[in-house]
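Novice: Can you read through this structure? Questions will come right after.
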Amino acid sequence: MTAKDRTRARILDEAASAMRERGSDGIGVAALMKRAGLTHGGFYAHFENRDDLVCHAVDRMFRDSAEILRQHLGQEDAARGLAALIDAYLSDELLQAADRGCPLPALSGEAMRMPAAARDRFREGIIAFRGALAKSFATLGLPEPDALAASVLAEMVGAMALARALGGDMAATQLAASREEIKRRLELAASDGGA
């Protein structure tokens with residue numbers, strides 16, 4: 001990896017974090033470059049414009065999500081891996097770390113206002129996530145894996161979004177209830193996955 005590649009990766013890491021925290025409108029080029037410890041002028045050596053940055057930051061966030069999916073759903077014991085994914089996705093840890101994790105709870109509501117290329121990438125990320133869940137459900141022999149994946153993904157995203165909106169004890173209660181209900185519906189062993 002060249003120095004230019006490392007710098008671009010650092011900018012994208014910061015942009016992805018900032019977008020998860022404040023949305024795509026919450027990142028300005030000057031503030032982002034300052035946050036990355038770089039000068040404003042260096043931005044254009046890496047991106048055509050702000051819309052190009054947003055598009056690549058969406059890619060970056062979904063690459064993170066794909067890695068988390070591979071880590072959990074690639075386990076030899078498919079049921080255990082799926083339960084671990086649900087526990088990790090709906091964890092108290094990620095509740096407190098809005099700048100990390102899946103972009104869906106943070107950005108789904110504003111995706112329709114993103115630049116067209118970013119919207120396309122966002123849609124592709126949703127489809128890939130849903131597809132990974134459906135494949136896992138099919139492996140477990142669950143009925144109608146595609147429809148089930150659409151429903152479970154919506155519940156996981158919604159549960160995290162609502163928990164972040166609620167805050168405090170109500171947030172923890174929301175996440176715990178969603179973790180256990182999803183796993184019950186999927187006939188996965190219950191666990192204490194809120195850490």
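Starting from 1 in every chain, residues are counted up; chains themselves are A, B, ... following the order of the structure tokens, and ligands are numbered from 1 as listed.
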Which residues are close to region 138-151 of chain A, i.e. within 10 Å by only C-alpha atoms, leaving aside same-chain residues fewer than 4 positions away? Reply as an MDAnalysis selection string.
Specialist: chainID A and resid 77:79 82 126:127 129:134 155:156 182 185:187
Novice: Looking at only C-alpha atoms, which of A:Ala128, A:Gly42, A:Lys4, A:Ala159 is the one that sits closest to Ile86 (chain A)?
Specialist: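 Comparing A:Ala128, A:Gly42, A:Lys4, A:Ala159 against Ile86 (chain A), the winner is A:Ala159.
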Novice: Between CA of Ala111 (chain A) and CA of Lys34 (chain A), what is the spacing in Å?
Specialist: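 Pair CA of Lys34 (chain A) / CA of Ala111 (chain A) returns 25.3 Å.
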Novice: Just want the 10 Å neighbourhood of Thr7 (chain A), counted on only C-alpha atoms, with same-chain residues fewer than 5 positions away dropped. Output as JSON, numbers by chain.
Specialist: {"A": [2, 12, 13, 36, 37, 38, 42, 43, 46]}
Novice: Extract the full set of helix (DSSP H, G or I) residues from region 73-195 of chain A according to DSSP on the backbone, and format it as number ranges by chain.
Specialist: A: 73, 78-89, 92-96, 104-113, 116-139, 145-166, 168-185
Novice: Would you kindly return, as a list of chain:residue names, each protein, DNA or RNA residue with an atom no farther than 12 Å from any atom of Glu93 (chain A), considering only C-alpha atoms and excluding same-chain residues fewer than 4 positions away?
Specialist: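 Here the qualifying residues turn out to be A:Asp87, A:Ala88, A:Tyr89, A:Ala97, A:Ala98, A:Asp99, A:Arg100, A:Gly101, A:Met160, A:Arg164, A:Ala171, A:Ala172, A:Leu175, A:Gly193, A:Gly194, A:Ala195.
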Novice: Need the shell around Ser108 (chain A): protein/DNA/RNA residues with any atom at most 12 Å away, counting only C-alpha atoms. Skip same-chain ones fewer than 6 positions apart. Format as number ranges by chain?
Specialist: A: 19-20, 23-24, 58, 102, 114, 118-119, 122-123, 125-126, 154, 157-158, 160-161
Novice: Let me see the file: selected residues, all heavy atoms, as a CSV table (one decimal), in the first residue's frame.
Specialist:
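result34.csv, written as the output of this step:
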```
chain,number,residue,atom,x,y,z
A,19,MET,N,-20.0,10.2,9.0
A,19,MET,CA,-21.3,10.0,8.4
A,19,MET,C,-22.2,9.2,9.3
A,19,MET,O,-23.4,9.5,9.5
A,19,MET,CB,-21.2,9.3,7.0
A,19,MET,CG,-20.8,10.3,5.9
A,19,MET,SD,-20.7,9.4,4.3
A,19,MET,CE,-22.4,8.9,4.0
A,20,ARG,N,-21.6,8.2,10.0
A,20,ARG,CA,-22.4,7.4,10.9
A,20,ARG,C,-22.9,8.3,12.1
A,20,ARG,O,-24.0,8.1,12.6
A,20,ARG,CB,-21.6,6.2,11.4
A,20,ARG,CG,-21.4,5.1,10.5
A,20,ARG,CD,-20.5,4.1,11.1
A,20,ARG,NE,-20.2,3.0,10.2
A,20,ARG,CZ,-18.9,2.6,9.8
A,20,ARG,NH1,-17.9,3.3,10.2
A,20,ARG,NH2,-18.7,1.6,9.0
A,23,GLY,N,-24.5,11.9,9.7
A,23,GLY,CA,-25.2,11.8,8.4
A,23,GLY,C,-24.3,12.4,7.3
A,23,GLY,O,-23.3,13.0,7.6
A,24,SER,N,-24.7,12.2,6.1
A,24,SER,CA,-23.9,12.6,5.0
A,24,SER,C,-23.8,14.1,4.9
A,24,SER,O,-22.8,14.7,4.4
A,24,SER,CB,-24.4,12.0,3.7
A,24,SER,OG,-25.7,12.4,3.4
A,58,VAL,N,-19.6,5.4,1.7
A,58,VAL,CA,-20.7,4.4,1.8
A,58,VAL,C,-20.1,3.0,1.5
A,58,VAL,O,-20.3,2.0,2.2
A,58,VAL,CB,-21.9,4.7,0.8
A,58,VAL,CG1,-22.8,3.5,0.7
A,58,VAL,CG2,-22.6,5.9,1.3
A,102,CYS,N,-22.7,-1.0,11.5
A,102,CYS,CA,-23.5,-1.0,10.2
A,102,CYS,C,-24.0,0.4,10.0
A,102,CYS,O,-24.5,1.1,10.9
A,102,CYS,CB,-24.6,-2.0,10.4
A,102,CYS,SG,-25.7,-2.1,8.9
A,114,MET,N,-29.1,11.2,-0.6
A,114,MET,CA,-27.7,11.1,-0.9
A,114,MET,C,-27.5,11.3,-2.4
A,114,MET,O,-28.5,11.1,-3.2
A,114,MET,CB,-27.1,9.8,-0.5
A,114,MET,CG,-26.9,9.6,1.0
A,114,MET,SD,-26.2,7.9,1.3
A,114,MET,CE,-26.3,7.9,3.0
A,118,ALA,N,-24.1,7.3,-4.5
A,118,ALA,CA,-24.1,6.8,-3.1
A,118,ALA,C,-25.4,6.1,-2.8
A,118,ALA,O,-25.3,5.0,-2.1
A,118,ALA,CB,-23.9,8.0,-2.2
A,119,ARG,N,-26.5,6.5,-3.3
A,119,ARG,CA,-27.8,5.8,-3.1
A,119,ARG,C,-27.7,4.4,-3.7
A,119,ARG,O,-28.1,3.4,-3.1
A,119,ARG,CB,-28.9,6.5,-3.8
A,119,ARG,CG,-29.5,7.6,-3.0
A,119,ARG,CD,-30.9,8.1,-3.5
A,119,ARG,NE,-30.9,8.3,-4.9
A,119,ARG,CZ,-30.7,9.4,-5.6
A,119,ARG,NH1,-30.3,10.5,-4.9
A,119,ARG,NH2,-30.8,9.5,-6.9
A,122,PHE,N,-25.6,2.3,-1.5
A,122,PHE,CA,-26.3,2.0,-0.3
A,122,PHE,C,-27.3,0.9,-0.6
A,122,PHE,O,-27.4,-0.1,0.2
A,122,PHE,CB,-27.0,3.3,0.2
A,122,PHE,CG,-27.3,3.3,1.6
A,122,PHE,CD1,-26.4,3.7,2.6
A,122,PHE,CD2,-28.6,2.9,2.1
A,122,PHE,CE1,-26.7,3.7,3.9
A,122,PHE,CE2,-28.9,2.9,3.4
A,122,PHE,CZ,-27.9,3.3,4.4
A,123,ARG,N,-28.0,0.9,-1.7
A,123,ARG,CA,-28.9,-0.1,-2.1
A,123,ARG,C,-28.2,-1.5,-2.2
A,123,ARG,O,-28.7,-2.5,-1.8
A,123,ARG,CB,-29.6,0.3,-3.4
A,123,ARG,CG,-30.7,-0.7,-3.8
A,123,ARG,CD,-31.4,-0.3,-5.1
A,123,ARG,NE,-31.9,1.1,-5.1
A,123,ARG,CZ,-31.3,2.1,-5.8
A,123,ARG,NH1,-30.3,1.9,-6.6
A,123,ARG,NH2,-31.8,3.3,-5.7
A,125,GLY,N,-25.5,-2.4,-0.8
A,125,GLY,CA,-25.1,-2.8,0.5
A,125,GLY,C,-26.2,-3.5,1.3
A,125,GLY,O,-26.1,-4.5,1.9
A,126,ILE,N,-27.4,-2.9,1.1
A,126,ILE,CA,-28.6,-3.6,1.7
A,126,ILE,C,-28.9,-4.9,1.1
A,126,ILE,O,-29.1,-5.9,1.8
A,126,ILE,CB,-29.9,-2.7,1.6
A,126,ILE,CG1,-29.7,-1.4,2.3
A,126,ILE,CG2,-31.1,-3.4,2.0
A,126,ILE,CD1,-30.8,-0.3,2.0
A,154,ALA,N,-34.7,-5.8,8.6
A,154,ALA,CA,-35.5,-4.6,9.0
A,154,ALA,C,-35.7,-4.5,10.5
A,154,ALA,O,-35.6,-3.4,11.1
A,154,ALA,CB,-36.9,-4.6,8.3
A,157,VAL,N,-32.2,-3.4,12.1
A,157,VAL,CA,-31.9,-2.0,11.8
A,157,VAL,C,-32.8,-1.1,12.6
A,157,VAL,O,-32.4,-0.2,13.2
A,157,VAL,CB,-32.0,-1.7,10.3
A,157,VAL,CG1,-32.0,-0.2,10.0
A,157,VAL,CG2,-30.9,-2.5,9.5
A,158,GLY,N,-34.1,-1.4,12.6
A,158,GLY,CA,-35.1,-0.6,13.3
A,158,GLY,C,-34.8,-0.7,14.8
A,158,GLY,O,-35.0,0.4,15.5
A,160,MET,N,-32.0,-1.1,16.4
A,160,MET,CA,-30.8,-0.2,16.8
A,160,MET,C,-31.2,1.3,16.6
A,160,MET,O,-30.8,2.1,17.5
A,160,MET,CB,-29.6,-0.6,16.0
A,160,MET,CG,-28.4,0.2,16.3
A,160,MET,SD,-27.9,0.1,18.1
A,160,MET,CE,-27.1,-1.5,18.1
A,161,ALA,N,-31.9,1.6,15.6
A,161,ALA,CA,-32.2,3.0,15.4
A,161,ALA,C,-33.1,3.5,16.5
A,161,ALA,O,-32.9,4.6,17.0
A,161,ALA,CB,-32.9,3.2,14.0
```
